[in-house]
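The file start.txt comes next; it holds compact mmCIF, C-alpha atoms and all ligand atoms.
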```txt
# COMPACT_ATOMS: atom_id res chain seq x y z
CA MET A 26 0.00 0.00 0.00
CA ARG A 27 1.19 3.50 -0.82
CA THR A 28 2.04 5.38 2.40
CA SER A 29 2.29 9.07 3.16
CA ARG A 30 6.07 8.57 3.32
CA ASP A 31 5.97 7.30 -0.29
CA ALA A 32 4.12 10.46 -1.34
CA ALA A 33 6.75 12.63 0.40
CA GLY A 34 9.54 10.61 -1.27
CA GLU A 35 7.95 11.25 -4.66
CA LEU A 36 7.79 14.95 -3.83
CA LEU A 37 11.52 15.02 -2.97
CA ALA A 38 12.34 13.32 -6.29
CA PHE A 39 10.17 15.86 -8.14
CA ILE A 40 11.99 18.74 -6.40
CA ASP A 41 15.43 17.24 -7.13
CA ALA A 42 14.48 17.05 -10.84
CA SER A 43 13.19 20.65 -10.80
CA PRO A 44 15.96 23.10 -9.86
CA THR A 45 14.31 26.02 -11.74
CA PRO A 46 10.76 26.91 -12.88
CA TRP A 47 11.63 25.74 -16.41
CA HIS A 48 12.61 22.33 -15.07
CA ALA A 49 9.51 22.23 -12.84
CA CYS A 50 7.30 22.91 -15.84
CA HIS A 51 9.14 20.21 -17.79
CA SER A 52 8.70 17.70 -14.92
CA VAL A 53 4.95 18.45 -14.81
CA GLU A 54 4.68 18.18 -18.59
CA ASN A 55 6.36 14.76 -18.59
CA ARG A 56 3.85 13.41 -16.08
CA LEU A 57 0.92 14.87 -18.00
CA LYS A 58 2.13 13.36 -21.28
CA GLN A 59 2.50 9.92 -19.66
CA ALA A 60 -1.10 10.24 -18.47
CA GLY A 61 -2.31 10.98 -22.00
CA PHE A 62 -2.75 14.76 -21.77
CA GLN A 63 -2.30 16.39 -25.16
CA ARG A 64 0.00 19.41 -25.60
CA LEU A 65 -1.68 22.45 -27.16
CA GLU A 66 0.11 25.49 -28.60
CA GLU A 67 -1.23 28.98 -27.98
CA THR A 68 -0.50 29.78 -31.64
CA ASP A 69 -2.82 27.01 -32.89
CA ASP A 70 -6.56 26.75 -33.31
CA TRP A 71 -7.65 24.34 -30.56
CA ARG A 72 -10.00 21.54 -31.52
CA LEU A 73 -11.14 20.40 -28.12
CA MET A 74 -13.39 17.36 -27.74
CA PRO A 75 -15.73 16.71 -24.77
CA GLY A 76 -13.88 14.99 -21.94
CA MET A 77 -10.49 15.83 -23.44
CA SER A 78 -7.34 16.19 -21.28
CA ALA A 79 -4.81 18.74 -22.50
CA TYR A 80 -2.27 21.34 -21.39
CA VAL A 81 -0.65 24.52 -22.63
CA VAL A 82 2.71 26.05 -21.65
CA ARG A 83 3.67 29.73 -21.72
CA ASP A 84 7.39 30.50 -22.08
CA GLY A 85 8.44 27.15 -20.64
CA SER A 86 7.78 27.96 -16.97
CA SER A 87 4.00 28.45 -16.58
CA ILE A 88 1.56 25.67 -17.44
CA VAL A 89 -2.22 25.18 -17.43
CA ALA A 90 -3.57 21.61 -17.67
CA PHE A 91 -7.24 20.70 -17.84
CA ARG A 92 -9.77 17.91 -18.27
CA LEU A 93 -13.04 19.07 -19.82
CA GLY A 94 -16.32 18.39 -18.02
CA GLU A 95 -19.94 19.55 -18.05
CA PRO A 96 -20.32 23.32 -18.57
CA SER A 97 -23.22 23.48 -16.10
CA GLN A 98 -20.88 22.32 -13.30
CA GLY A 99 -18.26 25.04 -13.69
CA MET A 100 -14.55 24.53 -13.08
CA ARG A 101 -12.51 23.20 -10.17
CA ILE A 102 -9.17 25.01 -10.43
CA VAL A 103 -6.01 24.40 -8.39
CA GLY A 104 -3.37 27.14 -8.66
CA ALA A 105 0.26 27.21 -7.45
CA HIS A 106 3.61 28.70 -8.46
CA THR A 107 6.68 27.14 -10.08
CA ASP A 108 9.30 29.72 -9.05
CA SER A 109 11.35 30.01 -5.86
CA PRO A 110 13.47 32.88 -4.53
CA GLY A 111 17.20 32.76 -5.08
CA LEU A 112 20.12 34.05 -7.12
CA ARG A 113 20.01 34.58 -10.90
CA ILE A 114 23.11 34.99 -13.08
CA LYS A 115 23.48 38.38 -14.78
CA PRO A 116 23.76 38.39 -18.60
CA GLN A 117 27.31 39.78 -18.46
CA GLY A 118 27.98 38.52 -14.96
CA ALA A 119 31.45 36.97 -15.31
CA PHE A 120 34.39 39.01 -14.06
CA ALA A 121 37.85 38.46 -12.55
CA ARG A 122 38.69 39.60 -9.02
CA ALA A 123 41.58 38.49 -6.78
CA GLY A 124 42.58 35.80 -9.29
CA LEU A 125 39.10 34.31 -9.12
CA LEU A 126 36.36 33.95 -11.69
CA ASN A 127 33.33 35.66 -10.14
CA LEU A 128 29.74 35.51 -11.28
CA GLY A 129 27.54 38.53 -10.63
CA VAL A 130 24.00 37.67 -9.55
CA GLU A 131 20.68 39.42 -9.20
CA ILE A 132 18.45 38.60 -6.25
CA TYR A 133 15.23 36.95 -7.43
CA GLY A 134 12.35 37.41 -4.96
CA GLY A 135 13.06 37.38 -1.23
CA PRO A 136 15.57 34.61 -0.40
CA ILE A 137 17.18 34.32 3.06
CA LEU A 138 20.57 35.22 1.60
CA ALA A 139 22.64 33.90 4.49
CA THR A 140 21.37 30.37 3.79
CA PHE A 141 23.10 30.41 0.39
CA ALA A 142 26.52 30.85 2.03
CA ASP A 143 28.81 27.80 2.27
CA ARG A 144 26.44 25.64 0.27
CA ASP A 145 27.44 23.58 -2.77
CA LEU A 146 25.69 25.50 -5.53
CA LYS A 147 25.16 24.36 -9.10
CA LEU A 148 24.07 26.24 -12.21
CA ALA A 149 20.71 25.37 -13.73
CA GLY A 150 18.10 26.96 -15.97
CA ARG A 151 17.72 27.47 -19.69
CA VAL A 152 20.14 28.68 -22.34
CA LEU A 153 19.20 30.00 -25.78
CA THR A 154 21.44 29.18 -28.73
CA SER A 155 21.27 29.84 -32.45
CA ASP A 156 22.05 27.29 -35.13
CA SER A 157 23.78 27.96 -38.46
CA ALA A 158 20.42 28.79 -40.06
CA GLY A 159 19.93 31.49 -37.42
CA SER A 160 16.99 29.94 -35.58
CA PHE A 161 16.82 29.93 -31.78
CA LYS A 162 16.81 26.85 -29.61
CA SER A 163 16.09 26.72 -25.88
CA HIS A 164 18.02 24.12 -23.84
CA LEU A 165 17.35 23.06 -20.28
CA ILE A 166 20.62 22.81 -18.39
CA ASP A 167 21.42 21.34 -14.97
CA PHE A 168 25.07 20.84 -13.99
CA LYS A 169 24.15 18.51 -11.12
CA ARG A 170 27.53 19.11 -9.40
CA PRO A 171 28.93 21.75 -7.05
CA LEU A 172 30.17 24.58 -9.23
CA LEU A 173 29.67 27.84 -7.37
CA ARG A 174 30.25 29.11 -3.85
CA LEU A 175 29.40 32.02 -1.63
CA PRO A 176 32.04 31.53 1.10
CA ASN A 177 31.36 32.90 4.55
CA LEU A 178 33.75 35.40 6.04
CA ALA A 179 35.75 33.88 8.91
CA ILE A 180 34.41 34.87 12.33
CA HIS A 181 37.82 36.40 13.10
CA LEU A 182 37.06 38.99 10.41
CA ASN A 183 33.36 39.31 11.22
CA ARG A 184 33.27 39.24 15.02
CA ASP A 185 29.64 40.38 15.33
CA VAL A 186 28.16 37.78 12.99
CA ASN A 187 26.32 35.90 15.74
CA GLU A 188 24.87 39.09 17.22
CA GLN A 189 24.18 41.01 14.00
CA GLY A 190 23.39 38.13 11.63
CA LEU A 191 25.13 37.37 8.35
CA ARG A 192 24.68 40.28 5.96
CA PHE A 193 25.75 40.65 2.34
CA ASP A 194 26.07 43.79 0.28
CA ALA A 195 24.18 42.62 -2.80
CA GLN A 196 26.48 44.39 -5.25
CA GLU A 197 29.93 43.85 -3.74
CA GLU A 198 29.71 40.76 -1.58
CA LEU A 199 27.22 38.51 -3.34
CA PRO A 200 29.06 37.57 -6.57
CA LEU A 201 29.67 33.80 -6.53
CA VAL A 202 33.06 32.15 -7.03
CA LEU A 203 33.08 29.92 -10.12
CA GLY A 204 36.80 29.08 -10.20
CA SER A 205 40.27 30.51 -10.47
CA ILE A 206 41.34 32.41 -13.54
CA ALA A 207 44.65 33.44 -15.12
CA GLU A 208 45.13 37.19 -15.58
CA GLN A 209 45.20 37.21 -19.38
CA VAL A 210 42.03 35.11 -19.83
CA PRO A 211 38.76 37.04 -20.40
CA ALA A 212 36.29 36.03 -17.66
CA GLU A 213 33.29 35.90 -19.96
CA GLN A 214 35.04 33.44 -22.27
CA GLU A 215 35.41 30.97 -19.39
CA LEU A 216 31.71 31.03 -18.57
CA TYR A 217 30.69 30.67 -22.22
CA ARG A 218 33.07 27.74 -22.62
CA LEU A 219 31.62 25.99 -19.58
CA LEU A 220 28.07 26.35 -20.92
CA ALA A 221 29.05 25.49 -24.51
CA ASP A 222 30.80 22.27 -23.41
CA ALA A 223 27.74 21.21 -21.42
CA LEU A 224 25.42 21.88 -24.35
CA GLN A 225 27.86 20.58 -26.98
CA VAL A 226 27.64 23.76 -29.04
CA GLU A 227 30.20 26.42 -30.00
CA PRO A 228 30.50 29.29 -27.47
CA GLU A 229 29.51 31.76 -30.23
CA ALA A 230 26.13 29.99 -30.54
CA ILE A 231 25.10 31.06 -27.01
CA LEU A 232 22.74 34.03 -27.15
CA SER A 233 21.18 34.43 -23.69
CA TRP A 234 20.06 32.58 -20.56
CA ASP A 235 17.92 32.33 -17.47
CA LEU A 236 20.30 30.69 -15.01
CA ALA A 237 20.01 30.24 -11.27
CA ALA A 238 22.50 29.21 -8.57
CA VAL A 239 20.86 26.24 -6.87
CA ASP A 240 21.83 24.01 -3.93
CA VAL A 241 22.92 20.56 -5.20
CA GLN A 242 22.02 18.68 -2.00
CA PRO A 243 19.17 16.25 -2.67
CA GLY A 244 16.05 16.28 -0.52
CA ALA A 245 16.11 14.16 2.67
CA PHE A 246 13.93 12.85 5.47
CA PHE A 247 14.91 13.76 9.03
CA GLY A 248 13.66 13.37 12.61
CA LYS A 249 13.67 10.26 14.81
CA ASP A 250 10.82 8.71 12.83
CA GLU A 251 11.65 10.50 9.57
CA GLU A 252 8.59 12.62 10.21
CA PHE A 253 10.13 15.68 8.51
CA ILE A 254 11.52 16.46 5.06
CA ALA A 255 14.18 18.97 4.01
CA ALA A 256 14.75 20.34 0.50
CA GLY A 257 15.08 23.56 -1.47
CA ARG A 258 11.97 24.99 -3.18
CA LEU A 259 9.34 23.25 -1.03
CA ASP A 260 7.72 26.68 -1.48
CA ASN A 261 6.06 26.07 -3.81
CA LEU A 262 6.95 22.90 -5.65
CA ALA A 263 5.18 20.93 -2.90
CA SER A 264 1.88 22.54 -3.94
CA CYS A 265 2.63 22.10 -7.68
CA HIS A 266 3.26 18.41 -7.05
CA ALA A 267 0.17 17.98 -4.83
CA GLY A 268 -2.03 19.63 -7.48
CA LEU A 269 -0.50 17.50 -10.23
CA GLU A 270 -0.96 14.26 -8.29
CA ALA A 271 -4.56 15.21 -7.51
CA LEU A 272 -5.33 15.92 -11.17
CA LEU A 273 -3.74 12.66 -12.29
CA ASN A 274 -5.58 10.69 -9.55
CA SER A 275 -8.93 12.17 -10.51
CA GLU A 276 -11.42 10.40 -12.69
CA PRO A 277 -13.27 12.50 -15.26
CA GLN A 278 -16.00 14.27 -13.29
CA ALA A 279 -18.91 16.55 -14.02
CA ALA A 280 -16.86 19.71 -13.43
CA THR A 281 -13.95 20.81 -15.64
CA GLN A 282 -10.70 20.22 -13.73
CA VAL A 283 -7.92 22.78 -14.15
CA LEU A 284 -4.35 22.92 -12.79
CA ALA A 285 -2.67 26.35 -13.23
CA LEU A 286 1.00 26.65 -12.27
CA PHE A 287 2.58 30.08 -12.67
CA ASP A 288 6.08 31.49 -12.75
CA HIS A 289 6.92 34.92 -11.26
CA GLU A 290 4.91 34.69 -8.01
CA GLU A 291 8.01 35.54 -5.99
CA VAL A 292 8.41 38.83 -7.87
CA GLY A 293 4.78 39.92 -7.78
CA SER A 294 3.13 37.87 -10.58
CA GLU A 295 2.89 40.85 -12.93
CA SER A 296 4.19 39.45 -16.22
CA TYR A 297 2.85 37.86 -19.36
CA LYS A 298 3.11 34.41 -17.82
CA GLY A 299 2.49 35.31 -14.16
CA ALA A 300 -0.79 34.97 -12.25
CA ASP A 301 -1.41 38.71 -12.75
CA GLY A 302 -1.04 38.25 -16.52
CA THR A 303 -3.60 36.94 -18.98
CA PHE A 304 -2.45 33.31 -19.24
CA LEU A 305 -5.17 31.60 -17.20
CA GLN A 306 -7.87 34.00 -18.38
CA ASP A 307 -6.89 33.44 -22.04
CA THR A 308 -6.93 29.68 -21.53
CA ILE A 309 -10.29 29.75 -19.72
CA VAL A 310 -11.85 31.66 -22.63
CA ARG A 311 -10.75 28.86 -24.95
CA ILE A 312 -11.90 26.14 -22.51
CA ALA A 313 -15.25 27.94 -22.24
CA ALA A 314 -15.61 28.00 -26.03
CA ALA A 315 -14.98 24.22 -26.10
CA LEU A 316 -17.72 23.81 -23.49
CA GLY A 317 -20.12 25.81 -25.68
CA CYS A 318 -19.92 28.95 -23.50
CA GLU A 319 -19.32 31.40 -26.33
CA SER A 320 -21.00 34.58 -25.08
CA ALA A 321 -19.78 36.82 -22.28
CA SER A 322 -22.89 35.87 -20.33
CA ASP A 323 -22.18 32.13 -20.72
CA ARG A 324 -18.57 32.63 -19.67
CA ARG A 325 -19.67 34.57 -16.62
CA ARG A 326 -22.07 31.78 -15.63
CA LEU A 327 -19.22 29.27 -16.00
CA ALA A 328 -16.95 31.40 -13.78
CA ALA A 329 -19.71 31.93 -11.21
CA ARG A 330 -20.06 28.15 -10.85
CA SER A 331 -16.32 27.69 -10.40
CA VAL A 332 -13.98 27.54 -7.40
CA LEU A 333 -10.23 28.11 -7.28
CA VAL A 334 -8.01 26.62 -4.59
CA SER A 335 -4.74 28.57 -4.46
CA ALA A 336 -2.15 26.30 -2.84
CA ASP A 337 1.00 27.85 -1.41
CA MET A 338 2.95 26.99 1.69
CA ALA A 339 2.11 28.23 5.22
CA HIS A 340 4.32 29.12 8.23
CA ALA A 341 4.43 26.28 10.80
CA VAL A 342 5.15 27.33 14.36
CA HIS A 343 8.88 27.36 15.21
CA PRO A 344 9.50 26.20 18.79
CA GLY A 345 12.29 28.74 19.36
CA PHE A 346 10.34 31.73 18.00
CA MET A 347 6.79 31.24 19.29
CA ARG A 348 6.52 35.01 19.84
CA TYR A 349 6.31 35.56 16.05
CA TYR A 350 3.08 33.56 15.71
CA GLU A 351 -0.53 34.38 16.46
CA PRO A 352 -1.08 32.04 19.44
CA GLN A 353 -4.68 31.15 18.50
CA HIS A 354 -3.71 30.34 14.90
CA SER A 355 -0.28 28.76 15.06
CA VAL A 356 -0.16 25.67 12.85
CA ARG A 357 2.01 22.56 13.17
CA LEU A 358 3.96 20.31 10.83
CA ASN A 359 2.07 17.06 10.16
CA GLY A 360 -1.12 18.70 11.48
CA GLY A 361 -2.74 18.70 8.02
CA PRO A 362 -3.47 21.30 5.32
CA VAL A 363 -3.80 24.93 6.42
CA ILE A 364 -6.59 27.33 5.41
CA LYS A 365 -5.06 30.84 5.21
CA ILE A 366 -7.25 33.74 6.26
CA ASN A 367 -6.61 37.49 6.20
CA ALA A 368 -9.24 40.20 6.63
CA LYS A 369 -7.24 42.59 4.42
CA GLN A 370 -7.40 40.01 1.59
CA ARG A 371 -3.72 39.19 1.51
CA TYR A 372 -5.30 35.72 1.37
CA ALA A 373 -8.48 35.36 -0.68
CA THR A 374 -10.34 32.91 1.59
CA ASP A 375 -13.84 34.01 2.68
CA ALA A 376 -16.10 32.32 5.23
CA VAL A 377 -17.82 30.24 2.54
CA GLY A 378 -14.51 29.01 1.17
CA GLU A 379 -13.25 28.32 4.69
CA ALA A 380 -16.31 26.21 5.46
CA TYR A 381 -16.10 24.42 2.11
CA PHE A 382 -12.42 23.48 2.40
CA GLY A 383 -12.97 22.24 5.96
CA TRP A 384 -15.80 20.07 4.65
CA LEU A 385 -13.59 18.66 1.86
CA CYS A 386 -10.99 17.72 4.50
CA ARG A 387 -13.60 15.96 6.64
CA GLU A 388 -14.85 14.08 3.56
CA VAL A 389 -11.43 12.42 3.19
CA GLU A 390 -10.77 12.21 6.96
CA VAL A 391 -7.89 14.66 6.90
CA PRO A 392 -7.40 17.18 9.76
CA HIS A 393 -7.02 20.83 8.83
CA GLN A 394 -5.63 23.95 10.51
CA LYS A 395 -6.33 27.69 10.20
CA TYR A 396 -3.58 30.30 9.90
CA VAL A 397 -3.86 34.01 10.63
CA HIS A 398 -0.76 36.25 10.69
CA ARG A 399 0.07 38.37 13.73
CA ASN A 400 -1.45 41.86 13.61
CA ASN A 401 1.90 43.50 14.31
CA LEU A 402 3.76 41.82 11.41
CA PRO A 403 3.10 42.47 7.70
CA CYS A 404 1.43 39.46 6.09
CA GLY A 405 2.80 37.90 2.88
CA SER A 406 0.54 37.16 -0.06
CA THR A 407 0.27 34.73 -2.95
CA ILE A 408 -1.48 34.11 -6.26
CA GLY A 409 -4.88 33.61 -4.59
CA PRO A 410 -6.05 37.23 -4.28
CA ILE A 411 -4.55 38.12 -7.69
CA SER A 412 -6.30 35.25 -9.47
CA ALA A 413 -9.57 35.91 -7.64
CA ALA A 414 -9.51 39.55 -8.77
CA ARG A 415 -8.50 38.73 -12.36
CA LEU A 416 -11.00 35.94 -12.91
CA GLY A 417 -13.92 36.83 -10.65
CA ILE A 418 -13.85 33.29 -9.27
CA ARG A 419 -14.29 32.44 -5.58
CA THR A 420 -10.84 31.54 -4.25
CA ILE A 421 -9.60 29.72 -1.16
CA ASP A 422 -5.97 30.15 -0.05
CA VAL A 423 -4.56 27.01 1.49
CA GLY A 424 -1.14 25.38 1.85
CA ASN A 425 0.88 22.91 3.83
CA PRO A 426 2.83 24.05 6.89
CA MET A 427 6.60 24.48 6.60
CA TRP A 428 9.63 25.98 8.35
CA ALA A 429 12.23 28.39 6.98
CA MET A 430 10.27 29.63 3.98
CA HIS A 431 12.71 31.08 1.38
CA SER A 432 15.76 29.40 2.90
CA ALA A 433 18.04 27.57 0.46
CA ARG A 434 16.96 24.50 2.42
CA GLU A 435 13.42 24.54 3.75
CA SER A 436 11.69 21.89 5.86
CA ALA A 437 8.18 20.48 6.21
CA GLY A 438 6.19 17.52 7.59
CA THR A 439 6.45 14.12 5.89
CA HIS A 440 2.75 13.34 6.32
CA ASP A 441 1.12 16.63 5.24
CA HIS A 442 1.86 16.11 1.55
CA ASP A 443 -0.30 13.02 1.14
CA MET A 444 -3.10 14.72 3.08
CA MET A 445 -3.04 17.69 0.69
CA ILE A 446 -3.13 15.36 -2.34
CA ARG A 447 -6.18 13.58 -0.92
CA VAL A 448 -8.07 16.81 -0.25
CA LEU A 449 -7.28 18.27 -3.68
CA THR A 450 -8.32 15.00 -5.33
CA ARG A 451 -11.64 15.23 -3.49
CA PHE A 452 -11.95 18.86 -4.61
CA TYR A 453 -11.47 17.93 -8.28
CA GLY A 454 -14.22 15.33 -7.93
CA ASP A 455 -16.70 17.64 -6.22
CA THR A 456 -19.59 19.51 -7.83
CA THR A 457 -21.03 21.44 -4.86
CA GLN A 458 -22.30 24.87 -5.96
CA LEU A 459 -21.17 27.38 -3.35
CA GLN A 460 -23.72 30.02 -2.38
CA GLY A 461 -23.42 33.17 -0.34
ZN ZN A 501 5.17 30.62 -2.26
```

Would you give me this structure, written as structure tokens?
Ligand code: ZN
Amino acid sequence: MRTSRDAAGELLAFIDASPTPWHACHSVENRLKQAGFQRLEETDDWRLMPGMSAYVVRDGSSIVAFRLGEPSQGMRIVGAHTDSPGLRIKPQGAFARAGLLNLGVEIYGGPILATFADRDLKLAGRVLTSDSAGSFKSHLIDFKRPLLRLPNLAIHLNRDVNEQGLRFDAQEELPLVLGSIAEQVPAEQELYRLLADALQVEPEAILSWDLAAVDVQPGAFFGKDEEFIAAGRLDNLASCHAGLEALLNSEPQAATQVLALFDHEEVGSESYKGADGTFLQDTIVRIAAALGCESASDRRRLAARSVLVSADMAHAVHPGFMRYYEPQHSVRLNGGPVIKINAKQRYATDAVGEAYFGWLCREVEVPHQKYVHRNNLPCGSTIGPISAARLGIRTIDVGNPMWAMHSARESAGTHDHDMMIRVLTRFYGDTTQLQG
């Protein structure tokens, strides 16, 4: 029998195979293809048949998959994000300093920078090349070995580090060490040669890239009963994976099932492939047409019958820092999925959605928890409120509890992942019309 540990193990393998949003999208696409989902191109005319399972990708890192159902039952949508905060390599980032080949980085989103120090970092992402005919080709690349380093400064030179915390000046102190370099060798040439060798192309063929510095350490279980997991990018690949598993587990049901995974959440979602862009809306218009909802009025009726569950991770209580949590709403690892609630709509959940998600959990005998942020700390947000506003669809913000969100190595509960998959599977199979 498949256990909750098995589900967590599958999640860790998915994360290991997905160092960047482009890889995450590729991992999702592979699973969808195996399950018989058909790839659609936004440039094509879609000929969708009733009951059809298909997916569409925008720029390699956002993906919407769906299984068509009955128009009168609306849509059951699960949303999550493929990106994680970290360090991205600048386009002309290579330079020599102190006999070392340095790589300048930009900070993507809000990583805990100190956690990137002294870790074995690899390069991963996508590289664009041109062939002799002048056409572009995008390659996924993952070096899978320690390549880069952000060394700490010895405590003898940074005496206050334990009182003040580890701080980096983003411009001067954050460039990563890629190797040593002789004085007469141009730094850029070394980087291009490294990439060209990996891709088996000439260095001159390399045009551009989206490359990240990513921890090479594979995911692991920890704790006396292996009741915890540690990995990079649990936020939010855990929710991507839970949504994917739920969609693949689901039988065709009366409602149209949609999985929408977006890039760019960590930088505000405002882009042509982010949740604040048109991607999901554009795709829903085409899904609606396939369901026979051609007019604006029909599309509105479809949206009004739909529910979106926005899944992103939640902050589990940290035993050493209890003072940072709202005592009535502190949530625990392995305590089950968390419903996220915020009166200022940093989370989109309303009372109806809260009641509905709690009911879904009870239906599959999974406990659930409710998170509210402290009043005296600014609350984070996610794709839920953005999608709710863009689509006019009732949205519930949920997520599994975790520690150390935005660390290079985050941690979570082993058993929560399977619980989330079960609840989302139940959600995809449900046709309750929410009123109120
Ligand atoms: Zn997130």

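Using all atoms listed in the file, residues with at least one atom at most 10 Å away from any atom of ligand ZN 501 (chain A) are A:Ala105, A:His106, A:Thr107, A:Asp108, A:Ser109, A:Pro110, A:Arg258, A:Leu259, A:Asp260, A:Asn261, A:Leu262, A:Ala263, A:Ser264, A:Glu290, A:Glu291, A:Ala336, A:Asp337, A:Met338, A:Ala339, A:Gly405, A:Ser406, A:Thr407, A:Ile408, A:Gly424, A:Met430, A:His431.
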
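If all atoms listed in the file are the atoms counted, then among A:Leu216, A:Leu272, A:Ala237, A:Val389 the closest residue to Ala90 of chain A is A:Leu272.
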
Nearest to Ser331 of chain A among A:Asn425, A:Ser97, A:Gln214, A:Asn177, with distances taken over all atoms listed in the file: which residue is it?
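Residue with the minimum atom-to-atom distance to Ser331 of chain A: A:Ser97.
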
Distance cut-off 12 Å, centre (-12.9, 22.3, -31.0) in file coordinates, counting only C-alpha atoms: which residues qualify? Return them as a compact mmCIF listing (two decimals) with C-alpha atoms, in the coordinates of the input.
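As a result, part_3.txt now contains:
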```txt
# COMPACT_ATOMS: atom_id res chain seq x y z
CA LEU A 65 -1.68 22.45 -27.16
CA ASP A 69 -2.82 27.01 -32.89
CA ASP A 70 -6.56 26.75 -33.31
CA TRP A 71 -7.65 24.34 -30.56
CA ARG A 72 -10.00 21.54 -31.52
CA LEU A 73 -11.14 20.40 -28.12
CA MET A 74 -13.39 17.36 -27.74
CA PRO A 75 -15.73 16.71 -24.77
CA GLY A 76 -13.88 14.99 -21.94
CA MET A 77 -10.49 15.83 -23.44
CA LEU A 93 -13.04 19.07 -19.82
CA ARG A 311 -10.75 28.86 -24.95
CA ILE A 312 -11.90 26.14 -22.51
CA ALA A 313 -15.25 27.94 -22.24
CA ALA A 314 -15.61 28.00 -26.03
CA ALA A 315 -14.98 24.22 -26.10
CA LEU A 316 -17.72 23.81 -23.49
CA GLY A 317 -20.12 25.81 -25.68
```

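Nearest-residue note for Ala328 of chain A: choosing from A:Ala33, A:Ala179, A:Leu459, A:Leu358, the minimum distance belongs to A:Leu459, counting all atoms listed in the file.
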
Out of A:Ala373, A:Cys386, A:Ala195, A:Ile88, which residue has the shortest atom-to-atom distance to His48 of chain A when counting only C-alpha atoms?
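With only C-alpha atoms as the atom set, the closest residue is A:Ile88.
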
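Compared by their closest atoms to Val82 of chain A, and using only C-alpha atoms, the residues A:Val356, A:Ala437, A:Leu165, A:Leu305 rank with A:Leu305 nearest.
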
Would you mind telling me which residue in A:Pro362, A:Gly438, A:Gly111, A:Gly461 lies nearest to Asp250 of chain A when using only C-alpha atoms?
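Counting only C-alpha atoms, the residue closest to Asp250 of chain A is A:Gly438.
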
Step by step, gather every atom of segment 91-107 of chain A that the file lists, find the box along x, y and z that holds them, add 3 Å on each side, and finally give centre and edge lengths in Å to one decimal, as JSON.
```
{"center_x": -8.3, "center_y": 23.3, "center_z": -13.6, "size_x": 35.9, "size_y": 16.8, "size_z": 18.4}
```

Need the shell around Met444 of chain A: protein/DNA/RNA residues with any atom at most 10 Å away, counting only C-alpha atoms. Skip same-chain ones fewer than 5 positions apart. Format as a ChimeraX atom specification?
/A:29,32,267,359-362,386,389-393,425,439,449-450

Report as a ChimeraX atom specification all protein, DNA and RNA residues lying within 12 Å of Ala368 of chain A, evaluated on only C-alpha atoms, omitting residues in the same chain fewer than 2 positions from it.
/A:365-366,370-376,396-400,404,410

Find the residues around Asp156 of chain A up to 12 Å (all atoms listed in the file counted), leave out those fewer than 3 positions away in its own chain, and share them as number ranges by chain.
A: 153, 159-163, 226-232

Residues within 8 Å of Ile418 of chain A, please, as a PyMOL selection string. Count all atoms listed in the file; anything in the same chain fewer than 2 positions from it doesn't count.
chain A and resi 328-329+331-333+412-414+416+420

Which residues are near Asn183 of chain A? Cut-off 12 Å, all atoms listed in the file, ignore same chain within fewer than 6 positions. Put them as a PyMOL selection string.
chain A and resi 177+189-193

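Distance-wise, atom CA of Lys395 of chain A and atom CA of Thr281 of chain A end up 27.8 Å apart.
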
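Taking atom CA of Phe253 of chain A and atom CA of His440 of chain A as endpoints, the distance between them is 8.0 Å.
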
Quick check, in Å to one decimal: how far apart do atom CA of Arg92 of chain A and atom CA of Leu57 of chain A lie?
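Value for the atom CA of Arg92 of chain A-atom CA of Leu57 of chain A distance: 11.1 Å.
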
List as a PyMOL selection string: which residues have an atom within 9 Å of (11.1, 26.7, -12.7), counting all atoms listed in the file?
chain A and resi 43-51+85-87+106-109+150+288
